[in-house]
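This report concerns only the one structure given below.
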Amino acid sequence: MRYILLTPNFKPNPGGIAEYLNQLWHYIGSHHPAHVFSTVPPHIPSNQKTEAMAYECQTLPDLPALEISTIETLTPQQAALQFLQLKSYGQKVLLPLLRPYLSEPVRIFIGVWQPTTHFWCEALRKEHIPYSIFTYGLEIIYPPSSKVQQWRQADLQAAASVYACSAATVQLVRDRCQLTQPVQVVYPGVQPFINPQAIEKTAIAIREKWHLQNSQTLLSVGRLVPRKGFDLVLQSLPQLRQSFPHLRYLIAGEGADRERLTEIIHSLKLDSIVILLGSVDELTKAALYNICEIFVMPNRFLDGKDWEGFGIVFLEAALMGKPSIGGNNGGVSEAIIHNQTGLLVDTTNHQETENAIAQLFHNPGLRHQLGINARARASNTFTWQKSGQILLERPFNGSKTISLLS
């Protein structure tokens, strides 16, 4: 069996979707002929070149951009032109690239649903070529455009199989797209951090640079967007610093919300305890997990238009033996077990986030035990091997949803 991934999102793009697909195809490619066709030129880290050679990467030609947020603002003439261009792309660019592989057994996967990939699905259906789709949540709930809803529903209902990154996303997909077929859970895995000596050396350098040697350190890692709830942590800090005078808060990531977060930091006079680190490499990220006492990302379900499908960062923190605080919405309740590997909070206001941070700082024994539990669960349950095996060994056959938590 040959496995083909068609995706507009892949490494080196940042974010969970790119990492999810990248790791799955690393695993699949080590067992079967596998290919990635992406509009993003795949990046192969130097320490993964041997493994990555198991699958082939091909960059798709540029295609007409069709942003979800702008569909409703297009004039009828503009929309018609873009739709025709995308239809032509599917028929004249995508299908000719696939045809050489269709003479043998093959499974084709759409990496993430977007308006552009709708036309890929449409082209595949026209040629009676089955396809499967991965879903994450955010692309299912946004936007409220009736045209996009019709496309999305048609593509998912026609898919040979649908996969979701969490059980919560399964329910969301089934409800929003009126699916009658089962949806299988393929949880994210987590890649063990390598080279502990390099991590510790980097951690020492970070502590010295930012004077963190005697600090009680909170860490957030993620795109700077309102959904992540980093502002809730900032709003908690004025009160927390009264009980924990050595408190420091590190935020790693970039995004459109940086300016707003910076304004909050200034307005609350937090400049001396909050550090916006920007984008960081994998070694630095591992060192940050090593440094922190608590990982916190109080994600929110904002206006029903934003969604945290799972949260690989919670697993990364867990591998370093750190408990997490996350929002009790989306798929995060599957990444964190409340009172066992971390704490889940109601993020409709910042008070629960503040209380959870205080609870863990006041109780080092609890914090340590949650970290031990988190590491054991992440190491044993959330592996890319288990996730990949669902695709390789449990092909969609109409059976019930498969969960790694069962």
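Note on naming: chains are A, B, ... as they come in the structure tokens, residues start from 1 per chain, ligands start from 1 in the order shown.
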What are the nearest atom pairs, with distances in Å to one decimal, for all residues of range 143-222 of chain A that come at most 12 Å from range 102-122 of chain A, using only C-alpha atoms, set out by chain and rising residue number as JSON lines?
```
{"residue": "A:Pro143", "atom": "CA", "partner": "A:Pro115", "partner_atom": "CA", "distance": 10.9}
{"residue": "A:Ser145", "atom": "CA", "partner": "A:Pro115", "partner_atom": "CA", "distance": 11.2}
{"residue": "A:Lys147", "atom": "CA", "partner": "A:Pro115", "partner_atom": "CA", "distance": 9.8}
{"residue": "A:Val148", "atom": "CA", "partner": "A:Pro115", "partner_atom": "CA", "distance": 7.0}
{"residue": "A:Gln149", "atom": "CA", "partner": "A:Pro115", "partner_atom": "CA", "distance": 9.9}
{"residue": "A:Gln150", "atom": "CA", "partner": "A:His118", "partner_atom": "CA", "distance": 10.3}
{"residue": "A:Trp151", "atom": "CA", "partner": "A:His118", "partner_atom": "CA", "distance": 6.5}
{"residue": "A:Arg152", "atom": "CA", "partner": "A:His118", "partner_atom": "CA", "distance": 7.0}
{"residue": "A:Gln153", "atom": "CA", "partner": "A:His118", "partner_atom": "CA", "distance": 10.0}
{"residue": "A:Ala154", "atom": "CA", "partner": "A:His118", "partner_atom": "CA", "distance": 9.0}
{"residue": "A:Asp155", "atom": "CA", "partner": "A:Cys121", "partner_atom": "CA", "distance": 6.2}
{"residue": "A:Leu156", "atom": "CA", "partner": "A:Trp113", "partner_atom": "CA", "distance": 8.8}
{"residue": "A:Gln157", "atom": "CA", "partner": "A:Cys121", "partner_atom": "CA", "distance": 11.1}
{"residue": "A:Ala158", "atom": "CA", "partner": "A:Cys121", "partner_atom": "CA", "distance": 8.8}
{"residue": "A:Ala159", "atom": "CA", "partner": "A:Cys121", "partner_atom": "CA", "distance": 8.5}
{"residue": "A:Ala160", "atom": "CA", "partner": "A:Ile108", "partner_atom": "CA", "distance": 9.6}
{"residue": "A:Ser161", "atom": "CA", "partner": "A:Phe109", "partner_atom": "CA", "distance": 9.1}
{"residue": "A:Val162", "atom": "CA", "partner": "A:Phe109", "partner_atom": "CA", "distance": 9.4}
{"residue": "A:Tyr163", "atom": "CA", "partner": "A:Phe109", "partner_atom": "CA", "distance": 9.9}
{"residue": "A:Ala164", "atom": "CA", "partner": "A:Val112", "partner_atom": "CA", "distance": 10.4}
{"residue": "A:Cys165", "atom": "CA", "partner": "A:Val112", "partner_atom": "CA", "distance": 11.3}
{"residue": "A:Val173", "atom": "CA", "partner": "A:Trp113", "partner_atom": "CA", "distance": 11.7}
```
Would you mind exporting the chosen residues as an mmCIF file, in the first residue's frame, restricted to N, CA, C and O atoms?
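In the end it all went to selection.cif:
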```
data_model
loop_
_atom_site.group_PDB
_atom_site.id
_atom_site.type_symbol
_atom_site.label_atom_id
_atom_site.label_comp_id
_atom_site.auth_asym_id
_atom_site.auth_seq_id
_atom_site.Cartn_x
_atom_site.Cartn_y
_atom_site.Cartn_z
ATOM 1 N N PRO A 143 -15.503 29.729 8.770
ATOM 2 C CA PRO A 143 -16.386 30.802 9.178
ATOM 3 C C PRO A 143 -17.843 30.368 9.074
ATOM 4 O O PRO A 143 -18.125 29.238 8.671
ATOM 5 N N SER A 145 -19.873 31.132 6.823
ATOM 6 C CA SER A 145 -20.303 31.288 5.433
ATOM 7 C C SER A 145 -21.088 30.067 4.968
ATOM 8 O O SER A 145 -20.637 28.930 5.111
ATOM 9 N N LYS A 147 -21.708 29.133 1.929
ATOM 10 C CA LYS A 147 -21.025 28.478 0.810
ATOM 11 C C LYS A 147 -19.928 27.550 1.322
ATOM 12 O O LYS A 147 -19.810 26.396 0.903
ATOM 13 N N VAL A 148 -19.114 28.043 2.254
ATOM 14 C CA VAL A 148 -18.038 27.228 2.807
ATOM 15 C C VAL A 148 -18.605 26.030 3.558
ATOM 16 O O VAL A 148 -18.079 24.920 3.480
ATOM 17 N N GLN A 149 -19.678 26.235 4.299
ATOM 18 C CA GLN A 149 -20.310 25.128 5.020
ATOM 19 C C GLN A 149 -20.752 24.031 4.061
ATOM 20 O O GLN A 149 -20.588 22.842 4.335
ATOM 21 N N GLN A 150 -21.318 24.418 2.939
ATOM 22 C CA GLN A 150 -21.777 23.436 1.948
ATOM 23 C C GLN A 150 -20.597 22.660 1.382
ATOM 24 O O GLN A 150 -20.665 21.435 1.250
ATOM 25 N N TRP A 151 -19.528 23.349 1.024
ATOM 26 C CA TRP A 151 -18.337 22.680 0.498
ATOM 27 C C TRP A 151 -17.773 21.689 1.519
ATOM 28 O O TRP A 151 -17.497 20.535 1.205
ATOM 29 N N ARG A 152 -17.594 22.194 2.742
ATOM 30 C CA ARG A 152 -16.974 21.387 3.793
ATOM 31 C C ARG A 152 -17.801 20.135 4.075
ATOM 32 O O ARG A 152 -17.270 19.034 4.202
ATOM 33 N N GLN A 153 -19.103 20.328 4.191
ATOM 34 C CA GLN A 153 -19.974 19.195 4.499
ATOM 35 C C GLN A 153 -19.942 18.169 3.376
ATOM 36 O O GLN A 153 -19.855 16.960 3.629
ATOM 37 N N ALA A 154 -19.981 18.627 2.131
ATOM 38 C CA ALA A 154 -19.961 17.703 0.992
ATOM 39 C C ALA A 154 -18.652 16.913 0.957
ATOM 40 O O ALA A 154 -18.654 15.696 0.729
ATOM 41 N N ASP A 155 -17.549 17.582 1.207
ATOM 42 C CA ASP A 155 -16.245 16.913 1.145
ATOM 43 C C ASP A 155 -16.075 15.888 2.251
ATOM 44 O O ASP A 155 -15.557 14.789 2.028
ATOM 45 N N LEU A 156 -16.518 16.228 3.452
ATOM 46 C CA LEU A 156 -16.379 15.293 4.568
ATOM 47 C C LEU A 156 -17.354 14.129 4.456
ATOM 48 O O LEU A 156 -17.013 12.988 4.754
ATOM 49 N N GLN A 157 -18.556 14.406 4.005
ATOM 50 C CA GLN A 157 -19.534 13.326 3.865
ATOM 51 C C GLN A 157 -19.114 12.333 2.781
ATOM 52 O O GLN A 157 -19.430 11.146 2.870
ATOM 53 N N ALA A 158 -18.384 12.808 1.781
ATOM 54 C CA ALA A 158 -17.961 11.936 0.686
ATOM 55 C C ALA A 158 -16.640 11.226 0.973
ATOM 56 O O ALA A 158 -16.234 10.344 0.201
ATOM 57 N N ALA A 159 -15.968 11.582 2.061
ATOM 58 C CA ALA A 159 -14.657 10.997 2.356
ATOM 59 C C ALA A 159 -14.776 9.514 2.693
ATOM 60 O O ALA A 159 -15.720 9.077 3.350
ATOM 61 N N ALA A 160 -13.786 8.736 2.246
ATOM 62 C CA ALA A 160 -13.748 7.317 2.573
ATOM 63 C C ALA A 160 -13.540 7.123 4.070
ATOM 64 O O ALA A 160 -14.033 6.159 4.661
ATOM 65 N N SER A 161 -12.797 8.027 4.697
ATOM 66 C CA SER A 161 -12.597 7.996 6.141
ATOM 67 C C SER A 161 -12.272 9.401 6.611
ATOM 68 O O SER A 161 -11.711 10.212 5.872
ATOM 69 N N VAL A 162 -12.654 9.683 7.854
ATOM 70 C CA VAL A 162 -12.394 10.965 8.479
ATOM 71 C C VAL A 162 -11.676 10.694 9.794
ATOM 72 O O VAL A 162 -12.083 9.820 10.569
ATOM 73 N N TYR A 163 -10.610 11.452 10.056
ATOM 74 C CA TYR A 163 -9.822 11.301 11.278
ATOM 75 C C TYR A 163 -9.827 12.622 12.034
ATOM 76 O O TYR A 163 -9.784 13.691 11.427
ATOM 77 N N ALA A 164 -9.861 12.547 13.360
ATOM 78 C CA ALA A 164 -9.857 13.732 14.197
ATOM 79 C C ALA A 164 -8.755 13.619 15.239
ATOM 80 O O ALA A 164 -8.397 12.522 15.664
ATOM 81 N N CYS A 165 -8.247 14.784 15.673
ATOM 82 C CA CYS A 165 -7.117 14.801 16.605
ATOM 83 C C CYS A 165 -7.532 14.594 18.048
ATOM 84 O O CYS A 165 -6.674 14.480 18.928
ATOM 85 N N VAL A 173 -17.026 17.611 14.624
ATOM 86 C CA VAL A 173 -17.121 17.328 13.194
ATOM 87 C C VAL A 173 -18.451 16.668 12.867
ATOM 88 O O VAL A 173 -19.121 17.025 11.888
#
```
Restrict the calculation to only C-alpha atoms, then for each residue of range 315-372 of chain A with any atom at most 10 Å from an atom of range 236-245 of chain A give the closest atom pair and their distance in Å to one decimal, rows by chain and rising residue number, as a tab-separated table.
```
residue	atom	partner	partner_atom	distance
A:Asn349	CA	A:Ser236	CA	10.0
A:His350	CA	A:Ser236	CA	6.3
A:Gln351	CA	A:Ser236	CA	7.0
A:Glu352	CA	A:Ser236	CA	9.2
A:Thr353	CA	A:Ser236	CA	7.1
A:Glu354	CA	A:Ser236	CA	5.0
A:Asn355	CA	A:Ser236	CA	8.6
A:Ile357	CA	A:Leu240	CA	8.2
A:Ala358	CA	A:Leu240	CA	6.9
A:Phe361	CA	A:Phe244	CA	8.2
A:His362	CA	A:Phe244	CA	9.2
```
Can you list every residue of range 66-156 of chain A that has an atom at most 12 Å from range 329-342 of chain A, with its nearest atom pair and the distance in Å to one decimal, using only C-alpha atoms, ordered by chain then number, as CSV?
```
residue,atom,partner,partner_atom,distance
A:Tyr136,CA,A:Gly331,CA,9.3
A:Gly137,CA,A:Gly330,CA,8.3
A:Leu138,CA,A:Gly330,CA,9.8
A:Ile141,CA,A:Gly330,CA,11.7
```
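A straight line drawn from CA of Leu124 in chain A to CA of Ala167 in chain A is 27.6 Å long.
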Query - Counting only C-alpha atoms, the option among A:Lys87, A:His266, A:Lys285, A:Lys322 closest to Ile372 in chain A - result: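 Between A:Lys87, A:His266, A:Lys285, A:Lys322, the residue approaching Ile372 in chain A most closely is A:Lys322.
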Report task. Per DSSP on the backbone, filter range 159-401 of chain A down to the residues in strand (DSSP E or B) and report them as a ChimeraX atom specification. Result -> /A:161-164,184-185,216-221,247-252,274-278,294-297,324-327,338,342-345
Report task. Measure the distance from CA of Ala123 in chain A to CA of Ser166 in chain A in Å and round it to one decimal. Result ->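 A separation of 28.4 Å between them.
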Query raised in the report: So what do you get for CA of Asp303 in chain A versus CA of Pro226 in chain A, distance-wise?
Result: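 CA of Asp303 in chain A sits 11.2 Å away from CA of Pro226 in chain A.
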Report task. For range 205-219 of chain A, please output as a PyMOL selection string all residues within 7 Å (counting only C-alpha atoms; exclusion window: fewer than 2 positions along the same chain). Result -> chain A and resi 201-203+221+246-251+292-296
Can I get the selection written as a JSON list (two decimals), in the first residue's frame, with C-alpha atoms?
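As a result, selection.json now contains:
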```json
[["chain", "number", "residue", "atom", "x", "y", "z"],
["A", 201, "LYS", "CA", 23.53, 23.56, 28.97],
["A", 202, "THR", "CA", 21.01, 25.73, 27.13],
["A", 203, "ALA", "CA", 18.82, 25.94, 30.23],
["A", 221, "VAL", "CA", 4.53, 28.16, 24.36],
["A", 246, "HIS", "CA", 10.29, 35.76, 42.65],
["A", 247, "LEU", "CA", 7.66, 34.93, 40.03],
["A", 248, "ARG", "CA", 8.67, 35.14, 36.35],
["A", 249, "TYR", "CA", 6.59, 34.41, 33.26],
["A", 250, "LEU", "CA", 8.19, 33.32, 29.96],
["A", 251, "ILE", "CA", 6.19, 33.32, 26.71],
["A", 292, "CYS", "CA", 9.77, 26.12, 34.31],
["A", 293, "GLU", "CA", 7.89, 24.83, 37.34],
["A", 294, "ILE", "CA", 4.48, 25.06, 35.67],
["A", 295, "PHE", "CA", 3.37, 25.10, 32.03],
["A", 296, "VAL", "CA", 0.25, 27.17, 31.46]]
```
Query raised in the report: What's the 12 Å shell around range 24-33 of chain A, counting only C-alpha atoms, without same-chain residues fewer than 6 positions away, as number ranges by chain?
Result: A: 1-7, 10-11, 17-18, 42, 44-45, 48-57, 101, 104-107, 109, 111, 134, 165, 186-191, 383-393
Requested in this report: May I have the residues within 10 Å of Ile194 in chain A as a list in words, using only C-alpha atoms and disregarding those fewer than 4 positions away in the same chain?
Outcome: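 So, after excluding close chain neighbours, the residues are Ala198, Ile199, Leu283 and Ala286 of chain A.
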Requested in this report: Report as a PyMOL selection string: the residues of range 194-311 of chain A with a DSSP assignment of helix (DSSP H, G or I), based on the backbone of this structure.
Outcome: chain A and resi 196-210+226-228+230-243+258-267+282-291+302-304
**Report entry** Residue contacts of Gly326 in chain A (6 Å, only C-alpha atoms) excluding same-chain residues fewer than 4 positions away, as a list in words
**Finding:**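 With the cut-off at 6 Å, the set is Met297, Pro298 and Leu344 of chain A.
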Atoms to include: N, CA, C and O atoms. Write the selected residues as a PDB file, in the first residue's frame.
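So out.pdb came out as:
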```pdb
ATOM      1  N   MET A 297      -1.340  27.227  29.649  1.00  0.00           N
ATOM      2  CA  MET A 297      -1.971  27.734  28.430  1.00  0.00           C
ATOM      3  C   MET A 297      -3.485  27.637  28.616  1.00  0.00           C
ATOM      4  O   MET A 297      -4.119  26.661  28.239  1.00  0.00           O
ATOM      5  N   PRO A 298      -4.093  28.658  29.233  1.00  0.00           N
ATOM      6  CA  PRO A 298      -5.533  28.615  29.521  1.00  0.00           C
ATOM      7  C   PRO A 298      -6.373  28.956  28.289  1.00  0.00           C
ATOM      8  O   PRO A 298      -7.001  30.015  28.190  1.00  0.00           O
ATOM      9  N   LEU A 344      -7.330  21.657  34.988  1.00  0.00           N
ATOM     10  CA  LEU A 344      -8.174  22.272  33.970  1.00  0.00           C
ATOM     11  C   LEU A 344      -8.969  23.390  34.621  1.00  0.00           C
ATOM     12  O   LEU A 344      -9.490  23.230  35.738  1.00  0.00           O
TER      13      LEU A 344
END
```
Query - Residue among A:Gln235, A:Gln78, A:Ser132, A:Thr39 lying closest to Leu94 in chain A, counting only C-alpha atoms - result: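 Checking each candidate against Leu94 in chain A, we get A:Thr39 as the closest.
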